>>> print(open('data_9.tsv').read())   # TSV, C-alpha atoms
chain	number	residue	atom	x	y	z
A	1	MET	CA	9.84	26.98	-3.78
A	2	ASN	CA	10.21	27.43	-0.04
A	3	THR	CA	9.31	24.09	1.61
A	4	GLU	CA	11.38	24.55	4.78
A	5	MET	CA	8.27	25.60	6.71
A	6	TYR	CA	6.68	22.19	6.05
A	7	GLN	CA	7.79	19.43	8.38
A	8	THR	CA	6.55	16.24	6.76
A	9	PRO	CA	6.81	14.90	3.22
A	10	MET	CA	2.99	14.89	3.07
A	11	GLU	CA	2.87	18.63	3.78
A	12	VAL	CA	5.47	19.24	1.07
A	13	ALA	CA	3.48	17.16	-1.41
A	14	VAL	CA	0.26	19.01	-0.64
A	15	TYR	CA	2.09	22.35	-0.94
A	16	GLN	CA	3.47	21.31	-4.31
A	17	LEU	CA	0.05	20.19	-5.56
A	18	HIS	CA	-1.51	23.48	-4.51
A	19	ASN	CA	1.14	25.39	-6.44
A	20	PHE	CA	1.06	23.53	-9.74
A	21	ASN	CA	0.60	25.90	-12.64
A	22	ILE	CA	0.55	25.99	-16.41
A	23	SER	CA	4.31	26.42	-16.69
A	24	PHE	CA	4.82	23.20	-14.68
A	25	PHE	CA	2.55	21.23	-16.96
A	26	SER	CA	4.02	22.97	-20.00
A	27	SER	CA	7.48	21.84	-18.96
A	28	LEU	CA	6.22	18.28	-18.45
A	29	LEU	CA	4.15	18.16	-21.59
A	30	GLY	CA	6.45	20.12	-23.86
A	31	GLY	CA	5.50	22.83	-26.35
A	32	ASP	CA	2.42	20.95	-27.59
A	33	VAL	CA	0.25	22.51	-24.89
A	34	VAL	CA	0.51	26.03	-26.24
A	35	SER	CA	-0.08	24.98	-29.86
A	36	VAL	CA	-3.08	22.84	-28.94
A	37	LYS	CA	-4.58	25.63	-26.83
A	38	LEU	CA	-4.17	28.18	-29.58
A	39	ASP	CA	-5.03	25.96	-32.53
A	40	ASN	CA	-8.62	24.77	-32.32
A	41	SER	CA	-8.15	22.72	-35.49
A	42	ALA	CA	-5.60	20.38	-33.90
A	43	SER	CA	-5.45	16.94	-35.43
A	44	GLY	CA	-6.60	13.83	-33.59
A	45	ALA	CA	-2.99	12.66	-33.30
A	46	SER	CA	-1.91	15.74	-31.36
A	47	VAL	CA	-4.92	15.41	-29.06
A	48	VAL	CA	-3.99	11.78	-28.36
A	49	ALA	CA	-0.37	12.82	-27.77
A	50	LEU	CA	-1.55	15.53	-25.41
A	51	ASP	CA	-3.77	13.05	-23.56
A	52	ASN	CA	-0.81	10.70	-23.18
A	53	LYS	CA	1.38	13.47	-21.81
A	54	ILE	CA	-1.32	14.54	-19.36
A	55	GLU	CA	-1.63	10.94	-18.22
A	56	GLN	CA	2.14	10.76	-17.74
A	57	ALA	CA	2.07	13.96	-15.71
A	58	MET	CA	-0.75	12.62	-13.55
A	59	ASP	CA	1.20	9.37	-13.03
A	60	LEU	CA	4.19	11.43	-11.93
A	61	VAL	CA	2.04	13.29	-9.40
A	62	LYS	CA	0.52	10.03	-8.19
A	63	ASN	CA	3.95	8.44	-7.75
A	64	HIS	CA	5.20	11.48	-5.86
A	65	LEU	CA	2.22	11.38	-3.50
A	66	MET	CA	2.51	7.63	-2.98
A	67	TYR	CA	6.18	8.04	-2.08
A	68	ALA	CA	5.33	10.81	0.39
A	69	VAL	CA	2.56	8.70	1.94
A	70	ARG	CA	4.85	5.65	2.27
A	71	GLU	CA	7.51	7.79	3.93
A	72	GLU	CA	4.96	9.25	6.34
A	73	VAL	CA	3.65	5.75	7.16
A	74	GLU	CA	7.18	4.60	8.01
A	75	ILE	CA	7.67	7.58	10.30
A	76	LEU	CA	4.35	6.89	12.03
A	77	LYS	CA	5.20	3.17	12.42
A	78	GLU	CA	8.45	4.13	14.14
A	79	GLN	CA	6.63	6.54	16.45
A	80	ILE	CA	4.09	3.82	17.31
A	81	ARG	CA	6.90	1.38	18.05
A	82	GLN	CA	8.56	3.90	20.38
A	83	LEU	CA	5.27	4.63	22.14
A	84	VAL	CA	4.57	0.93	22.64
A	85	GLU	CA	8.03	0.49	24.16
A	86	LYS	CA	7.52	3.51	26.45
A	87	ASN	CA	4.08	2.23	27.49
A	88	SER	CA	5.52	-1.18	28.30
A	89	GLN	CA	8.30	0.42	30.36
A	90	LEU	CA	5.82	2.58	32.28
A	91	GLU	CA	3.53	-0.40	32.96
A	92	HIS	CA	6.52	-2.33	34.30
A	93	GLU	CA	7.51	0.60	36.54
A	94	ASN	CA	3.92	0.92	37.76
A	95	THR	CA	3.75	-2.77	38.65
A	96	LEU	CA	7.08	-2.54	40.44
A	97	LEU	CA	6.00	0.51	42.42
A	98	LYS	CA	2.75	-1.20	43.42
A	99	THR	CA	4.63	-4.26	44.68
A	100	LEU	CA	7.13	-2.14	46.65
A	101	ALA	CA	4.54	0.15	48.20
A	102	SER	CA	3.29	-0.65	51.67
A	103	PRO	CA	-0.43	-1.30	52.16
A	104	GLU	CA	-0.70	2.01	54.03
A	105	GLN	CA	0.85	3.90	51.09
A	106	LEU	CA	-1.49	2.18	48.63
A	107	GLU	CA	-4.50	2.95	50.82
A	108	LYS	CA	-3.45	6.59	51.13
A	109	PHE	CA	-2.96	6.83	47.39
A	110	GLN	CA	-6.37	5.25	46.69
A	111	SER	CA	-8.03	7.66	49.13
A	112	CYS	CA	-6.50	10.60	47.24
A	113	LEU	CA	-8.18	9.42	44.06
A	114	SER	CA	-11.85	10.12	43.75
A	115	PRO	CA	-13.93	8.54	40.97
A	116	ALA	CA	-14.87	11.96	39.57
A	117	GLU	CA	-11.30	13.28	39.36
A	118	PRO	CA	-8.41	11.91	37.27
A	119	ALA	CA	-5.20	10.83	38.99
A	120	PRO	CA	-2.79	13.71	39.67
A	121	GLU	CA	0.22	13.82	37.38
A	122	THR	CA	2.63	14.72	40.19
A	123	PRO	CA	2.21	13.80	43.83
A	124	GLU	CA	1.45	16.81	45.99
A	125	ALA	CA	2.04	17.20	49.70
A	126	PRO	CA	-1.23	17.21	51.69
A	127	GLU	CA	-2.20	20.61	53.04
A	128	ALA	CA	-2.80	21.45	56.67
A	129	PRO	CA	-6.09	23.14	57.62
A	130	GLY	CA	-4.35	26.55	57.53
A	131	GLY	CA	-3.42	26.05	53.87
A	132	SER	CA	0.29	25.38	54.43
A	133	ALA	CA	1.94	22.12	53.46
A	134	VAL	CA	2.59	19.65	56.28
>>> encode(input="data_9.tsv", output="structure tokens")
Amino acid sequence: MNTEMYQTPMEVAVYQLHNFNISFFSSLLGGDVVSVKLDNSASGASVVALDNKIEQAMDLVKNHLMYAVREEVEILKEQIRQLVEKNSQLEHENTLLKTLASPEQLEKFQSCLSPAEPAPETPEAPEAPGGSAV
């Protein structure tokens, strides 16, 4: 199975679920599967045994998925923590820049922002009427 192209445990788990086949369940359930499929007169005991093995296989799948989900949740929690730290740092820098800026600079910056347009990501030099930067 080639799972290198999947980046998260959840993607691997979904890939594995999509590719389950009879041989997988046969290996989990043992040789009873083939005999029960071929023998329509199977006894009640073998049907119960088969049901138990199917339940065990489903529990295995469930446990695998739960593990993958827990791992993914931990990764996402770490990413959230990092983003919260970065946001806090940027808010601190923004506050510092606002306190260090002169009133003229703040006024100029506010005049560059119009309510209909978002703030520019990088400051640009104002253009002269001829189209060249001042």
>>> atom_distance(input="data_9.tsv", atom1="atom CA of Leu76 of chain A", atom2="atom CA of Glu91 of chain A")
22.2 Å
>>> atom_distance(input="data_9.tsv", atom1="atom CA of Asn94 of chain A", atom2="atom CA of Phe109 of chain A")
13.2 Å
>>> atom_distance(input="data_9.tsv", atom1="atom CA of Glu78 of chain A", atom2="atom CA of Leu96 of chain A")
27.2 Å
>>> build_atoms(input="data_9.tsv", residues="segment 96-117 of chain A", atoms="N, CA, C and O atoms", output="mmCIF file, in the coordinates of the input")
data_model
loop_
_atom_site.group_PDB
_atom_site.id
_atom_site.type_symbol
_atom_site.label_atom_id
_atom_site.label_comp_id
_atom_site.auth_asym_id
_atom_site.auth_seq_id
_atom_site.Cartn_x
_atom_site.Cartn_y
_atom_site.Cartn_z
ATOM 1 N N LEU A 96 6.010 -2.488 39.442
ATOM 2 C CA LEU A 96 7.080 -2.540 40.440
ATOM 3 C C LEU A 96 6.779 -1.634 41.623
ATOM 4 O O LEU A 96 6.937 -2.037 42.782
ATOM 5 N N LEU A 97 6.335 -0.424 41.337
ATOM 6 C CA LEU A 97 6.000 0.510 42.420
ATOM 7 C C LEU A 97 4.846 -0.019 43.274
ATOM 8 O O LEU A 97 4.859 0.127 44.499
ATOM 9 N N LYS A 98 3.873 -0.644 42.652
ATOM 10 C CA LYS A 98 2.750 -1.200 43.420
ATOM 11 C C LYS A 98 3.216 -2.331 44.329
ATOM 12 O O LYS A 98 2.731 -2.464 45.448
ATOM 13 N N THR A 99 4.155 -3.151 43.840
ATOM 14 C CA THR A 99 4.630 -4.260 44.680
ATOM 15 C C THR A 99 5.521 -3.766 45.813
ATOM 16 O O THR A 99 5.558 -4.376 46.884
ATOM 17 N N LEU A 100 6.237 -2.664 45.615
ATOM 18 C CA LEU A 100 7.130 -2.140 46.650
ATOM 19 C C LEU A 100 6.425 -1.254 47.667
ATOM 20 O O LEU A 100 6.948 -1.036 48.751
ATOM 21 N N ALA A 101 5.255 -0.747 47.305
ATOM 22 C CA ALA A 101 4.540 0.150 48.200
ATOM 23 C C ALA A 101 3.919 -0.634 49.350
ATOM 24 O O ALA A 101 3.449 -1.769 49.185
ATOM 25 N N SER A 102 3.916 -0.009 50.508
ATOM 26 C CA SER A 102 3.290 -0.650 51.670
ATOM 27 C C SER A 102 1.775 -0.534 51.531
ATOM 28 O O SER A 102 1.265 0.322 50.799
ATOM 29 N N PRO A 103 1.035 -1.393 52.227
ATOM 30 C CA PRO A 103 -0.430 -1.300 52.160
ATOM 31 C C PRO A 103 -0.944 0.071 52.600
ATOM 32 O O PRO A 103 -1.927 0.569 52.047
ATOM 33 N N GLU A 104 -0.274 0.687 53.577
ATOM 34 C CA GLU A 104 -0.700 2.010 54.030
ATOM 35 C C GLU A 104 -0.532 3.046 52.906
ATOM 36 O O GLU A 104 -1.388 3.909 52.705
ATOM 37 N N GLN A 105 0.605 2.968 52.188
ATOM 38 C CA GLN A 105 0.850 3.900 51.090
ATOM 39 C C GLN A 105 -0.189 3.709 49.984
ATOM 40 O O GLN A 105 -0.696 4.680 49.426
ATOM 41 N N LEU A 106 -0.485 2.459 49.656
ATOM 42 C CA LEU A 106 -1.490 2.180 48.630
ATOM 43 C C LEU A 106 -2.853 2.699 49.045
ATOM 44 O O LEU A 106 -3.590 3.276 48.236
ATOM 45 N N GLU A 107 -3.206 2.486 50.323
ATOM 46 C CA GLU A 107 -4.500 2.950 50.820
ATOM 47 C C GLU A 107 -4.576 4.475 50.762
ATOM 48 O O GLU A 107 -5.590 5.046 50.349
ATOM 49 N N LYS A 108 -3.488 5.132 51.168
ATOM 50 C CA LYS A 108 -3.450 6.590 51.130
ATOM 51 C C LYS A 108 -3.581 7.098 49.694
ATOM 52 O O LYS A 108 -4.302 8.055 49.420
ATOM 53 N N PHE A 109 -2.889 6.436 48.795
ATOM 54 C CA PHE A 109 -2.960 6.830 47.390
ATOM 55 C C PHE A 109 -4.382 6.641 46.853
ATOM 56 O O PHE A 109 -4.921 7.510 46.168
ATOM 57 N N GLN A 110 -5.004 5.513 47.153
ATOM 58 C CA GLN A 110 -6.370 5.250 46.690
ATOM 59 C C GLN A 110 -7.351 6.265 47.274
ATOM 60 O O GLN A 110 -8.293 6.662 46.604
ATOM 61 N N SER A 111 -7.117 6.683 48.521
ATOM 62 C CA SER A 111 -8.030 7.660 49.130
ATOM 63 C C SER A 111 -7.885 9.031 48.478
ATOM 64 O O SER A 111 -8.816 9.827 48.498
ATOM 65 N N CYS A 112 -6.704 9.318 47.932
ATOM 66 C CA CYS A 112 -6.500 10.600 47.240
ATOM 67 C C CYS A 112 -7.251 10.643 45.920
ATOM 68 O O CYS A 112 -7.602 11.724 45.430
ATOM 69 N N LEU A 113 -7.483 9.485 45.349
ATOM 70 C CA LEU A 113 -8.180 9.420 44.060
ATOM 71 C C LEU A 113 -9.671 9.348 44.301
ATOM 72 O O LEU A 113 -10.146 8.500 45.030
ATOM 73 N N SER A 114 -10.398 10.228 43.685
ATOM 74 C CA SER A 114 -11.850 10.120 43.750
ATOM 75 C C SER A 114 -12.331 9.698 42.375
ATOM 76 O O SER A 114 -11.711 10.011 41.370
ATOM 77 N N PRO A 115 -13.459 9.016 42.283
ATOM 78 C CA PRO A 115 -13.930 8.540 40.970
ATOM 79 C C PRO A 115 -14.209 9.667 39.981
ATOM 80 O O PRO A 115 -14.093 9.481 38.793
ATOM 81 N N ALA A 116 -14.540 10.857 40.472
ATOM 82 C CA ALA A 116 -14.870 11.960 39.570
ATOM 83 C C ALA A 116 -13.640 12.692 39.067
ATOM 84 O O ALA A 116 -13.692 13.391 38.075
ATOM 85 N N GLU A 117 -12.499 12.537 39.742
ATOM 86 C CA GLU A 117 -11.300 13.280 39.360
ATOM 87 C C GLU A 117 -10.247 12.325 38.806
ATOM 88 O O GLU A 117 -10.084 11.227 39.317
#
